[in-house]
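Visitor: Compact mmCIF, C-alpha atoms, file input-v8.txt:
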```txt
# COMPACT_ATOMS: atom_id res chain seq x y z
CA MET A 1 6.82 9.43 21.07
CA LYS A 2 5.03 6.17 21.75
CA ILE A 3 3.29 5.07 18.55
CA ALA A 4 0.88 2.19 17.90
CA PHE A 5 0.56 0.90 14.35
CA ILE A 6 -2.70 -0.93 13.68
CA VAL A 7 -2.36 -3.04 10.55
CA ASP A 8 -3.95 -6.16 9.10
CA ARG A 9 -1.54 -9.05 8.65
CA PHE A 10 2.06 -8.47 9.64
CA PRO A 11 4.62 -8.77 8.23
CA VAL A 12 3.49 -8.79 4.60
CA LEU A 13 6.06 -8.68 1.82
CA SER A 14 3.79 -6.60 -0.44
CA GLU A 15 3.41 -3.88 2.25
CA THR A 16 6.98 -2.65 2.40
CA PHE A 17 5.63 0.88 2.84
CA VAL A 18 4.44 -0.03 6.35
CA ILE A 19 7.81 -1.51 7.28
CA ASN A 20 9.58 1.57 5.89
CA GLN A 21 7.55 3.84 8.17
CA ILE A 22 8.06 1.67 11.23
CA THR A 23 11.82 1.38 10.78
CA GLY A 24 12.10 5.08 9.99
CA LEU A 25 10.38 5.96 13.26
CA ILE A 26 12.57 3.53 15.20
CA GLU A 27 15.69 5.06 13.66
CA ARG A 28 14.49 8.46 14.85
CA GLY A 29 14.28 7.22 18.44
CA HIS A 30 10.53 6.60 18.76
CA GLU A 31 8.92 3.60 20.43
CA VAL A 32 6.72 1.69 18.00
CA HIS A 33 4.34 -1.18 18.78
CA ILE A 34 2.54 -3.08 16.04
CA TYR A 35 -0.91 -4.65 16.32
CA GLY A 36 -2.03 -7.07 13.65
CA ARG A 37 -2.82 -10.60 12.61
CA GLN A 38 -0.08 -13.15 12.29
CA THR A 39 1.01 -14.07 8.78
CA TYR A 40 2.78 -17.19 7.66
CA ASP A 41 4.48 -15.90 4.53
CA GLU A 42 7.72 -17.75 3.89
CA LYS A 43 9.37 -14.63 2.52
CA VAL A 44 9.68 -11.49 4.59
CA HIS A 45 11.40 -8.17 4.16
CA PRO A 46 14.98 -8.25 5.58
CA ASP A 47 14.20 -5.27 7.83
CA VAL A 48 11.76 -7.42 9.80
CA GLU A 49 14.70 -9.35 11.22
CA LYS A 50 17.15 -6.45 11.24
CA TYR A 51 14.90 -4.34 13.48
CA GLU A 52 13.40 -7.32 15.35
CA LEU A 53 9.91 -6.18 14.43
CA ILE A 54 8.21 -9.40 15.53
CA LYS A 55 9.25 -8.61 19.11
CA ARG A 56 7.40 -5.31 18.77
CA THR A 57 4.24 -6.97 17.47
CA ARG A 58 1.19 -8.01 19.46
CA TYR A 59 -1.00 -10.41 17.55
CA LEU A 60 -4.76 -10.78 17.55
CA PRO A 61 -5.61 -14.29 18.82
CA GLU A 62 -7.28 -16.66 16.41
CA ILE A 63 -11.06 -16.47 16.75
CA PRO A 64 -12.83 -19.85 16.69
CA LYS A 65 -15.24 -20.07 13.77
CA ASN A 66 -17.69 -22.18 15.76
CA TYR A 67 -19.69 -19.79 17.92
CA LEU A 68 -20.05 -22.22 20.84
CA ALA A 69 -16.28 -22.79 20.89
CA ARG A 70 -15.78 -19.04 20.61
CA PHE A 71 -18.15 -18.41 23.52
CA LEU A 72 -16.48 -20.97 25.78
CA ASN A 73 -13.04 -19.64 24.87
CA THR A 74 -14.28 -16.13 25.66
CA LEU A 75 -15.32 -17.21 29.16
CA TYR A 76 -11.84 -18.62 29.73
CA LEU A 77 -10.09 -15.52 28.38
CA PHE A 78 -12.43 -13.20 30.25
CA ALA A 79 -11.68 -14.90 33.58
CA ASN A 80 -7.93 -14.93 32.96
CA ASN A 81 -7.72 -11.28 31.90
CA PHE A 82 -10.46 -9.59 33.90
CA SER A 83 -8.13 -8.25 36.59
CA GLN A 84 -5.99 -6.44 33.98
CA ALA A 85 -8.73 -4.28 32.47
CA PRO A 86 -12.20 -5.12 33.82
CA LEU A 87 -14.00 -2.07 32.41
CA VAL A 88 -12.48 -2.47 28.96
CA LEU A 89 -13.51 -6.10 28.71
CA LEU A 90 -17.02 -5.37 29.97
CA ARG A 91 -17.44 -2.50 27.50
CA SER A 92 -16.34 -4.76 24.64
CA LEU A 93 -19.37 -6.96 25.39
CA ASN A 94 -21.91 -4.11 25.39
CA VAL A 95 -24.30 -5.34 22.70
CA PHE A 96 -26.66 -2.42 23.32
CA LYS A 97 -24.04 0.06 22.13
CA TYR A 98 -21.89 -1.97 19.77
CA GLY A 99 -24.49 -4.37 18.41
CA LYS A 100 -23.36 -7.31 16.33
CA ARG A 101 -19.64 -6.56 16.64
CA ALA A 102 -19.98 -7.12 20.41
CA ALA A 103 -22.51 -9.96 20.15
CA CYS A 104 -20.29 -12.00 17.86
CA LEU A 105 -17.44 -11.43 20.40
CA ARG A 106 -15.00 -10.09 17.81
CA LEU A 107 -14.72 -6.77 19.62
CA PHE A 108 -13.77 -8.66 22.78
CA TYR A 109 -11.00 -10.52 20.93
CA SER A 110 -9.76 -7.25 19.42
CA THR A 111 -9.15 -5.81 22.90
CA LEU A 112 -6.88 -8.63 24.07
CA PRO A 113 -3.60 -7.52 22.41
CA PHE A 114 -4.05 -4.07 23.98
CA LEU A 115 -4.28 -5.25 27.58
CA ASN A 116 -1.49 -3.57 29.56
CA ALA A 117 -0.62 -1.41 26.55
CA PRO A 118 0.93 1.96 27.39
CA GLU A 119 -0.78 5.24 26.66
CA TYR A 120 0.26 6.15 23.14
CA ASP A 121 0.88 9.55 21.67
CA ILE A 122 -0.28 8.35 18.25
CA ILE A 123 -2.53 5.47 17.19
CA HIS A 124 -1.89 5.08 13.47
CA CYS A 125 -4.37 2.95 11.52
CA GLN A 126 -2.61 2.08 8.29
CA PHE A 127 -5.83 1.56 6.33
CA GLY A 128 -9.25 3.12 6.82
CA ARG A 129 -10.72 -0.34 7.33
CA GLN A 130 -8.56 -0.88 10.43
CA ALA A 131 -9.97 2.32 11.91
CA ILE A 132 -13.64 1.40 11.73
CA CYS A 133 -13.98 -2.15 10.36
CA LYS A 134 -17.37 -3.74 9.73
CA PHE A 135 -16.87 -6.41 12.46
CA GLY A 136 -15.44 -8.66 9.72
CA PRO A 137 -13.19 -11.59 10.50
CA TYR A 138 -10.02 -10.74 12.40
CA SER A 139 -10.63 -7.01 12.34
CA TYR A 140 -9.27 -4.16 14.39
CA GLU A 141 -11.43 -1.14 15.04
CA GLY A 142 -9.16 1.65 16.20
CA LEU A 143 -11.98 4.10 16.75
CA VAL A 144 -14.06 1.76 18.91
CA LEU A 145 -11.04 0.39 20.77
CA ARG A 146 -10.17 3.93 21.77
CA GLU A 147 -13.77 4.64 22.74
CA ILE A 148 -13.94 1.70 25.14
CA GLY A 149 -10.55 2.57 26.64
CA ALA A 150 -8.53 -0.34 25.26
CA VAL A 151 -6.06 2.08 23.68
CA ARG A 152 -5.38 5.78 24.23
CA GLY A 153 -3.84 8.39 21.96
CA LYS A 154 -4.49 10.61 18.96
CA LEU A 155 -6.03 8.61 16.13
CA ILE A 156 -4.53 9.09 12.66
CA THR A 157 -5.87 7.12 9.71
CA THR A 158 -4.23 6.54 6.34
CA PHE A 159 -6.30 5.79 3.24
CA ARG A 160 -4.19 3.86 0.76
CA GLY A 161 -6.33 2.37 -2.00
CA TYR A 162 -8.76 -0.51 -1.53
CA ASP A 163 -10.09 1.08 1.66
CA ILE A 164 -11.29 4.12 -0.31
CA SER A 165 -12.40 2.18 -3.42
CA TRP A 166 -13.38 -1.49 -2.94
CA TYR A 167 -14.43 -0.92 0.67
CA LEU A 168 -16.88 1.81 -0.33
CA HIS A 169 -18.20 -0.39 -3.12
CA LYS A 170 -18.93 -3.12 -0.54
CA TYR A 171 -20.16 -1.14 2.47
CA GLY A 172 -21.46 2.15 1.08
CA GLU A 173 -20.23 5.72 1.00
CA ASN A 174 -21.33 6.50 4.57
CA VAL A 175 -19.13 3.84 6.15
CA TYR A 176 -16.55 6.37 7.38
CA ASP A 177 -18.95 9.02 8.73
CA GLY A 178 -18.20 8.27 12.38
CA LEU A 179 -14.47 8.14 11.72
CA PHE A 180 -14.47 11.52 9.98
CA GLU A 181 -16.27 13.03 12.94
CA ASN A 182 -14.17 11.47 15.72
CA GLY A 183 -10.79 10.74 14.13
CA ASP A 184 -8.06 13.29 14.88
CA PHE A 185 -6.32 13.44 11.52
CA PHE A 186 -6.12 11.72 8.14
CA TYR A 187 -3.85 11.42 5.17
CA THR A 188 -3.92 9.74 1.80
CA ASN A 189 -1.03 8.65 -0.39
CA CYS A 190 -2.19 10.67 -3.40
CA GLU A 191 -4.31 13.69 -4.24
CA PHE A 192 -6.74 11.52 -6.20
CA PHE A 193 -7.78 9.72 -3.01
CA ARG A 194 -7.63 12.88 -0.88
CA GLN A 195 -10.28 14.48 -3.06
CA ARG A 196 -12.40 11.35 -2.79
CA VAL A 197 -12.17 11.37 1.02
CA ILE A 198 -13.15 15.05 1.15
CA LYS A 199 -16.10 14.33 -1.12
CA LEU A 200 -17.20 11.62 1.32
CA GLY A 201 -17.43 14.19 4.09
CA CYS A 202 -14.02 14.56 5.69
CA ASP A 203 -13.10 18.09 6.78
CA GLU A 204 -10.47 19.21 4.26
CA LYS A 205 -8.54 20.88 7.12
CA LYS A 206 -8.03 17.44 8.69
CA ILE A 207 -6.59 15.62 5.68
CA ILE A 208 -3.39 15.96 3.68
CA VAL A 209 -1.38 14.05 1.09
CA HIS A 210 1.61 12.19 2.46
CA GLY A 211 3.10 9.86 -0.14
CA SER A 212 4.10 6.25 0.28
CA GLY A 213 7.87 6.12 0.04
CA ILE A 214 10.68 3.81 -0.99
CA ASN A 215 14.27 3.68 0.20
CA CYS A 216 15.94 5.22 -2.85
CA SER A 217 19.39 4.20 -1.62
CA ARG A 218 18.46 0.54 -2.18
CA PHE A 219 17.48 1.09 -5.81
CA THR A 220 20.56 2.03 -7.79
CA PHE A 221 20.03 4.16 -10.88
CA ARG A 222 21.44 2.79 -14.11
CA ALA A 223 21.10 4.29 -17.55
CA ARG A 224 19.34 1.87 -19.90
CA TYR A 225 20.74 0.81 -23.27
CA PRO A 226 19.88 -2.09 -25.59
CA ASP A 227 21.71 -5.38 -25.08
CA GLU A 228 24.27 -6.43 -27.63
CA THR A 229 22.05 -9.46 -28.29
CA GLY A 230 19.13 -7.18 -29.13
CA LEU A 231 16.93 -8.80 -26.46
CA ILE A 232 14.41 -6.38 -24.92
CA ARG A 233 13.51 -7.26 -21.34
CA ILE A 234 10.19 -5.93 -20.06
CA ALA A 235 9.05 -6.35 -16.44
CA THR A 236 6.11 -5.81 -14.13
CA THR A 237 5.75 -6.39 -10.40
CA GLY A 238 2.53 -6.88 -8.43
CA ARG A 239 -0.04 -9.25 -7.05
CA LEU A 240 -1.78 -11.29 -9.71
CA ILE A 241 -5.18 -9.75 -9.11
CA GLU A 242 -7.60 -7.89 -11.37
CA LYS A 243 -6.74 -4.30 -10.43
CA LYS A 244 -3.09 -4.74 -11.44
CA GLY A 245 -4.24 -5.14 -15.05
CA ILE A 246 -1.49 -7.62 -15.91
CA GLU A 247 -3.69 -9.50 -18.36
CA TYR A 248 -3.63 -6.47 -20.66
CA ALA A 249 0.16 -6.34 -20.57
CA ILE A 250 0.31 -10.04 -21.49
CA ARG A 251 -2.00 -9.48 -24.45
CA ALA A 252 0.05 -6.44 -25.45
CA ILE A 253 3.19 -8.58 -25.56
CA ALA A 254 1.41 -10.95 -27.95
CA ASP A 255 0.99 -7.98 -30.32
CA VAL A 256 4.56 -6.78 -29.81
CA VAL A 257 6.13 -10.13 -30.71
CA LYS A 258 4.38 -10.02 -34.06
CA VAL A 259 6.72 -7.14 -34.85
CA TYR A 260 9.73 -7.80 -32.60
CA LYS A 261 10.47 -11.43 -31.76
CA ASN A 262 13.40 -10.78 -29.43
CA VAL A 263 11.31 -9.79 -26.40
CA GLU A 264 11.09 -11.18 -22.87
CA PHE A 265 8.37 -10.25 -20.36
CA ASN A 266 8.95 -11.12 -16.69
CA ILE A 267 5.97 -10.95 -14.33
CA ILE A 268 7.05 -10.81 -10.68
CA GLY A 269 4.36 -11.72 -8.18
CA ASP A 270 1.75 -14.28 -7.28
CA GLY A 271 -1.98 -14.32 -6.68
CA GLU A 272 -5.39 -15.70 -7.49
CA LEU A 273 -5.12 -15.13 -11.26
CA LYS A 274 -1.89 -17.07 -11.76
CA GLU A 275 -3.58 -20.06 -13.41
CA ARG A 276 -5.68 -17.82 -15.64
CA PHE A 277 -2.61 -15.91 -16.78
CA ALA A 278 -0.77 -19.17 -17.51
CA GLN A 279 -3.74 -20.25 -19.63
CA ILE A 280 -3.80 -16.95 -21.56
CA ILE A 281 -0.05 -17.19 -22.18
CA ASP A 282 -0.50 -20.70 -23.62
CA GLU A 283 -3.50 -19.67 -25.73
CA LEU A 284 -1.53 -16.76 -27.20
CA ASN A 285 1.42 -19.08 -27.87
CA ILE A 286 3.90 -16.81 -26.07
CA ALA A 287 5.09 -19.14 -23.31
CA ASP A 288 8.66 -18.67 -24.53
CA LYS A 289 8.30 -14.88 -24.17
CA VAL A 290 6.29 -14.40 -20.96
CA HIS A 291 7.48 -15.80 -17.65
CA LEU A 292 5.51 -15.95 -14.39
CA LYS A 293 8.35 -15.55 -11.90
CA GLY A 294 6.29 -15.87 -8.69
CA TRP A 295 6.98 -14.01 -5.45
CA LYS A 296 10.47 -12.63 -5.06
CA ASN A 297 12.15 -10.84 -2.18
CA GLN A 298 13.44 -7.31 -2.64
CA LYS A 299 16.97 -8.40 -3.56
CA GLU A 300 15.63 -10.75 -6.23
CA ILE A 301 13.28 -8.08 -7.61
CA ILE A 302 16.15 -5.60 -7.87
CA SER A 303 18.23 -8.18 -9.72
CA ILE A 304 15.49 -8.71 -12.32
CA LEU A 305 14.82 -4.98 -12.74
CA ASP A 306 18.53 -4.26 -13.07
CA LYS A 307 18.59 -6.40 -16.22
CA SER A 308 15.34 -4.96 -17.63
CA HIS A 309 14.83 -2.18 -20.17
CA ILE A 310 11.15 -1.21 -19.76
CA PHE A 311 8.67 -1.46 -16.89
CA VAL A 312 4.88 -1.76 -17.25
CA ALA A 313 2.26 -0.97 -14.58
CA PRO A 314 -1.12 -1.47 -16.30
CA SER A 315 -3.44 -0.91 -13.29
CA VAL A 316 -7.20 -0.84 -13.82
CA THR A 317 -10.32 -0.22 -11.77
CA ALA A 318 -11.43 -3.72 -10.81
CA SER A 319 -15.01 -4.93 -11.14
CA ASP A 320 -15.38 -4.63 -7.34
CA GLY A 321 -14.28 -0.96 -7.46
CA ASN A 322 -10.72 -1.55 -6.21
CA GLN A 323 -8.21 1.08 -7.37
CA ASP A 324 -4.51 1.84 -7.04
CA ALA A 325 -2.59 4.82 -5.73
CA PRO A 326 0.87 5.54 -7.20
CA VAL A 327 2.20 2.02 -6.65
CA ASN A 328 5.57 1.52 -4.96
CA THR A 329 6.72 -1.07 -7.48
CA LEU A 330 6.44 1.61 -10.14
CA LYS A 331 8.48 4.01 -8.00
CA GLU A 332 11.15 1.36 -7.56
CA ALA A 333 11.44 0.83 -11.31
CA MET A 334 11.62 4.58 -11.93
CA ALA A 335 14.27 4.97 -9.23
CA MET A 336 16.37 2.39 -11.08
CA GLY A 337 16.17 4.34 -14.32
CA LEU A 338 13.60 2.31 -16.24
CA PRO A 339 11.30 4.09 -18.69
CA VAL A 340 7.78 3.11 -17.69
CA ILE A 341 4.31 2.64 -19.09
CA GLY A 342 1.42 3.31 -16.71
CA THR A 343 -2.31 3.84 -17.05
CA LEU A 344 -4.66 6.77 -16.61
CA HIS A 345 -5.86 5.25 -13.38
CA GLY A 346 -6.17 6.33 -9.74
CA GLY A 347 -3.09 8.14 -8.49
CA ILE A 348 -0.68 6.88 -11.17
CA PRO A 349 -0.78 10.12 -13.25
CA GLU A 350 0.56 11.93 -10.15
CA LEU A 351 3.70 9.79 -10.40
CA VAL A 352 4.26 9.17 -14.11
CA GLU A 353 4.57 12.28 -16.27
CA ASP A 354 3.38 11.37 -19.73
CA GLY A 355 6.16 11.83 -22.26
CA VAL A 356 8.70 12.70 -19.56
CA SER A 357 9.41 9.67 -17.37
CA GLY A 358 7.29 7.31 -19.43
CA PHE A 359 3.91 7.03 -21.07
CA LEU A 360 0.32 6.88 -19.82
CA VAL A 361 -2.32 4.90 -21.67
CA PRO A 362 -6.05 4.27 -21.11
CA GLN A 363 -7.05 1.44 -18.78
CA ARG A 364 -7.71 -2.01 -20.26
CA ASP A 365 -6.21 -1.03 -23.61
CA GLU A 366 -3.69 -3.68 -24.64
CA LYS A 367 -3.37 -2.09 -28.09
CA ALA A 368 -2.22 1.21 -26.53
CA ILE A 369 0.26 -0.63 -24.30
CA ALA A 370 1.62 -2.51 -27.32
CA GLU A 371 1.91 0.74 -29.28
CA LYS A 372 3.98 2.40 -26.54
CA LEU A 373 6.14 -0.69 -26.07
CA ILE A 374 6.91 -0.77 -29.78
CA TYR A 375 7.69 2.95 -29.72
CA LEU A 376 10.13 2.49 -26.85
CA ILE A 377 11.75 -0.51 -28.55
CA GLU A 378 12.23 1.55 -31.70
CA HIS A 379 13.56 4.60 -29.82
CA PRO A 380 16.11 3.39 -27.25
CA GLU A 381 17.77 6.80 -27.41
CA ILE A 382 15.04 8.17 -25.10
CA TRP A 383 15.40 5.52 -22.40
CA GLN A 384 18.16 7.28 -20.51
CA GLN A 385 16.38 10.63 -20.50
CA MET A 386 13.11 9.11 -19.29
CA GLY A 387 14.91 7.11 -16.64
CA PHE A 388 16.71 10.20 -15.39
CA HIS A 389 13.46 12.14 -15.01
CA GLY A 390 11.81 9.20 -13.28
CA ARG A 391 14.62 8.94 -10.74
CA LYS A 392 14.45 12.67 -10.00
CA LYS A 393 10.69 12.50 -9.52
CA VAL A 394 10.95 9.66 -7.01
CA GLU A 395 13.89 11.23 -5.15
CA LYS A 396 12.04 14.51 -4.80
CA ASN A 397 8.61 13.28 -3.74
CA TYR A 398 8.82 9.67 -2.59
CA ASP A 399 12.11 9.09 -0.79
CA THR A 400 11.22 7.28 2.42
CA ASN A 401 13.84 9.07 4.49
CA LYS A 402 12.34 12.47 3.67
CA LEU A 403 8.81 11.17 4.10
CA ASN A 404 9.55 9.62 7.50
CA SER A 405 10.92 12.93 8.77
CA GLU A 406 7.77 14.55 7.42
CA LEU A 407 5.64 11.93 9.20
CA VAL A 408 7.28 12.74 12.55
CA GLU A 409 6.46 16.40 12.05
CA ILE A 410 2.87 15.51 11.19
CA TYR A 411 2.59 13.53 14.43
CA GLN A 412 4.10 16.37 16.43
CA GLN A 413 1.76 18.95 14.98
CA VAL A 414 -1.28 16.71 15.57
CA LEU A 415 -0.17 16.36 19.19
CA GLY A 416 0.64 19.96 19.92
CA LYS A 417 -0.73 22.45 17.42
CA ASP A 418 -3.83 23.63 15.64
CA LEU A 419 -4.68 21.16 12.88
CA SER A 420 -5.27 24.06 10.51
CA GLU A 421 -1.50 24.48 10.39
CA LEU A 422 -1.38 21.13 8.62
CA GLY A 423 -4.53 21.39 6.59
CA GLU A 424 -4.04 24.94 5.32
CA ALA A 425 -0.51 26.26 5.65
CA SER A 426 1.85 23.40 6.44
CA GLN A 427 5.39 23.85 5.24
CA ILE A 428 6.21 20.18 5.72
CA VAL A 429 3.45 18.64 3.63
CA LYS A 430 3.44 18.72 -0.15
CA THR A 431 0.60 20.46 -1.89
CA PRO A 432 -1.10 18.76 -4.86
CA SER A 433 0.82 21.02 -7.25
CA GLU A 434 4.12 19.85 -5.77
CA TYR A 435 3.13 16.26 -6.35
CA GLU A 436 2.23 17.04 -9.92
CA SER A 437 5.45 18.94 -10.57
CA GLY A 438 8.82 17.41 -11.27
CA ALA A 439 10.92 17.32 -14.41
CA THR A 440 10.00 20.15 -16.74
CA LYS A 441 7.75 19.50 -19.65
CA THR A 442 10.22 21.22 -21.94
CA ASN A 443 12.27 18.02 -21.85
CA SER A 444 9.36 15.78 -22.68
CA VAL A 445 9.58 13.19 -25.44
CA SER A 446 6.89 12.93 -28.04
CA ALA A 447 5.49 9.52 -28.85
CA GLY A 448 4.48 10.62 -32.28
```
Let me see the structure of the file written as structure tokens.

Guide:
Amino acid sequence: MKIAFIVDRFPVLSETFVINQITGLIERGHEVHIYGRQTYDEKVHPDVEKYELIKRTRYLPEIPKNYLARFLNTLYLFANNFSQAPLVLLRSLNVFKYGKRAACLRLFYSTLPFLNAPEYDIIHCQFGRQAICKFGPYSYEGLVLREIGAVRGKLITTFRGYDISWYLHKYGENVYDGLFENGDFFYTNCEFFRQRVIKLGCDEKKIIVHGSGINCSRFTFRARYPDETGLIRIATTGRLIEKKGIEYAIRAIADVVKVYKNVEFNIIGDGELKERFAQIIDELNIADKVHLKGWKNQKEIISILDKSHIFVAPSVTASDGNQDAPVNTLKEAMAMGLPVIGTLHGGIPELVEDGVSGFLVPQRDEKAIAEKLIYLIEHPEIWQQMGFHGRKKVEKNYDTNKLNSELVEIYQQVLGKDLSELGEASQIVKTPSEYESGATKTNSVSAG
């Protein structure tokens, strides 16, 4: 198959799930082209170089902020490219049909990477926003680009998190109406978001759950035991933004060290709240216990997790409505055998089985996080059992190799068969009950 991936910035270190899908499709013999905005991150996933993904990527040109400069540049680009796709370029300027998105010339710029593109079997928009986009800066609009003839193929859209939470909060619950009507197929990465999409008006026969996977072979399982020194290493990984809830984990550590001094908390990631977190750490007088490690590549993250005993993922619903699915960093920690603490938030309860592979606590409750941390510190005999169940859960439902084979079958059925076979009776797609199942509850561990 010929497959177009429409993303935002590419490559982005925090979006390994996109790279995993692309490389999985390449390994299976499919031709993949990537459309996105250029990023200048210093650190990239090693597979970007291994699979030469930049050579497969067509970047959206920078759009001048000054409208006069943008207009003059448009005249130049229009003249240079008109012979390649005259009708497409003219349609992109149709202000009567496309309104402000055409008038501000962003739709015109969005067509440029697609000039001379082949006809695709599948156009895969990795986030709902890339499928419809409110003519925001540097935006792709898969649905409109297909309508004007810039790209051809079946349109599949994935909803992953912010696009079905924050985006609705900003643009309203009717923002995807046209996409639901004209898009060919949809999937979400958890049942929690699938139900939300159906509630918004998507035909339930056109949407399934297809999880976001990790390469389990890269995350070696190791049974966890206390160090001879007695030091307990706790870790979390994620962007330093509100919805990751890291502030509550920091405050929980301040409570833990009142009881157990020999604790170390490593926070892997960077973001807009870094300075605030540093200030909180100083105010709580735990700078010797809590370390902001900054961005790390996958090899460095694995090294830190390999030395850790407990992993915390304290996600919350942000003030702007942003929510998490079952986050991949949590899957990685579980695959490595770490007992985990997550929150009753978004899709996380579909991944973490309370009392089996870890514990679930209410959002924004640092006291509950501290309580579970102390329990785990006092009961190291349950670490191995929890880690074992976590690994099995991830291997069964979130292994990227299995999921990529499943994705190919989804594409093939969208191309050649009745969509009801996917929406109602698919044998290749997990049902919600399968996502909720895993290690048996009979082996669960009570937290008292």

Visitor: When you look at Phe219 of chain A with a cut-off of 7 Å (counting all atoms listed in the file), what residues show up, excluding the ones that are within fewer than 2 positions of it in the same chain? I need them as a PyMOL selection string.

Guide: chain A and resi 216-217+221+332+335-336

Visitor: Show me, as a PyMOL selection string, the residues that have an atom within 12 Å of segment 68-83 of chain A when counting all atoms listed in the file, minus same-chain residues fewer than 4 positions from it.

Guide: chain A and resi 61-64+87-93+102-116

Visitor: Applying 8 Å and only C-alpha atoms, which residues near Leu273 of chain A remain after dropping the ones on its own chain fewer than 4 positions away? List them as a ChimeraX atom specification.

Guide: /A:240-242,277

Visitor: Please, could you write that set of residues out with C-alpha atoms as a tab-separated table (two decimals), keeping the file's coordinate frame?

Guide:
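Contents of the output file part15.tsv:
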```tsv
chain	number	residue	atom	x	y	z
A	240	LEU	CA	-1.78	-11.29	-9.71
A	241	ILE	CA	-5.18	-9.75	-9.11
A	242	GLU	CA	-7.60	-7.89	-11.37
A	277	PHE	CA	-2.61	-15.91	-16.78
```

Visitor: What's the separation between atom CA of Phe180 of chain A and atom CA of Leu145 of chain A, in Å to one decimal place?

Guide: 15.9 Å

Visitor: Give the answer as one residue: which of A:Arg276, A:Lys367, A:His33, A:Lys43 has the shortest atom-to-atom distance to Pro11 of chain A, using all atoms listed in the file?

Guide: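 Between A:Arg276, A:Lys367, A:His33, A:Lys43, the residue approaching Pro11 of chain A most closely is A:Lys43.
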
Visitor: If you count only C-alpha atoms, which residues fall within 12 Å of Tyr375 of chain A, apart from same-chain ones fewer than 5 positions away, as a ChimeraX atom specification?

Guide: /A:256,259-260,310,339,341,355,358-359,368-370,380-383,445-448

Visitor: What separation in Å, quoted to one decimal, exists between atom CA of Gly238 of chain A and atom CA of Phe186 of chain A?

Guide: 26.4 Å

Visitor: From the set A:Glu371, A:Lys261, A:Tyr248, A:Arg224, which residue has the shortest atom-to-atom contact distance to Leu305 of chain A, counting only C-alpha atoms?

Guide: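 Going through A:Glu371, A:Lys261, A:Tyr248, A:Arg224 one by one, the smallest distance to Leu305 of chain A is for A:Arg224.
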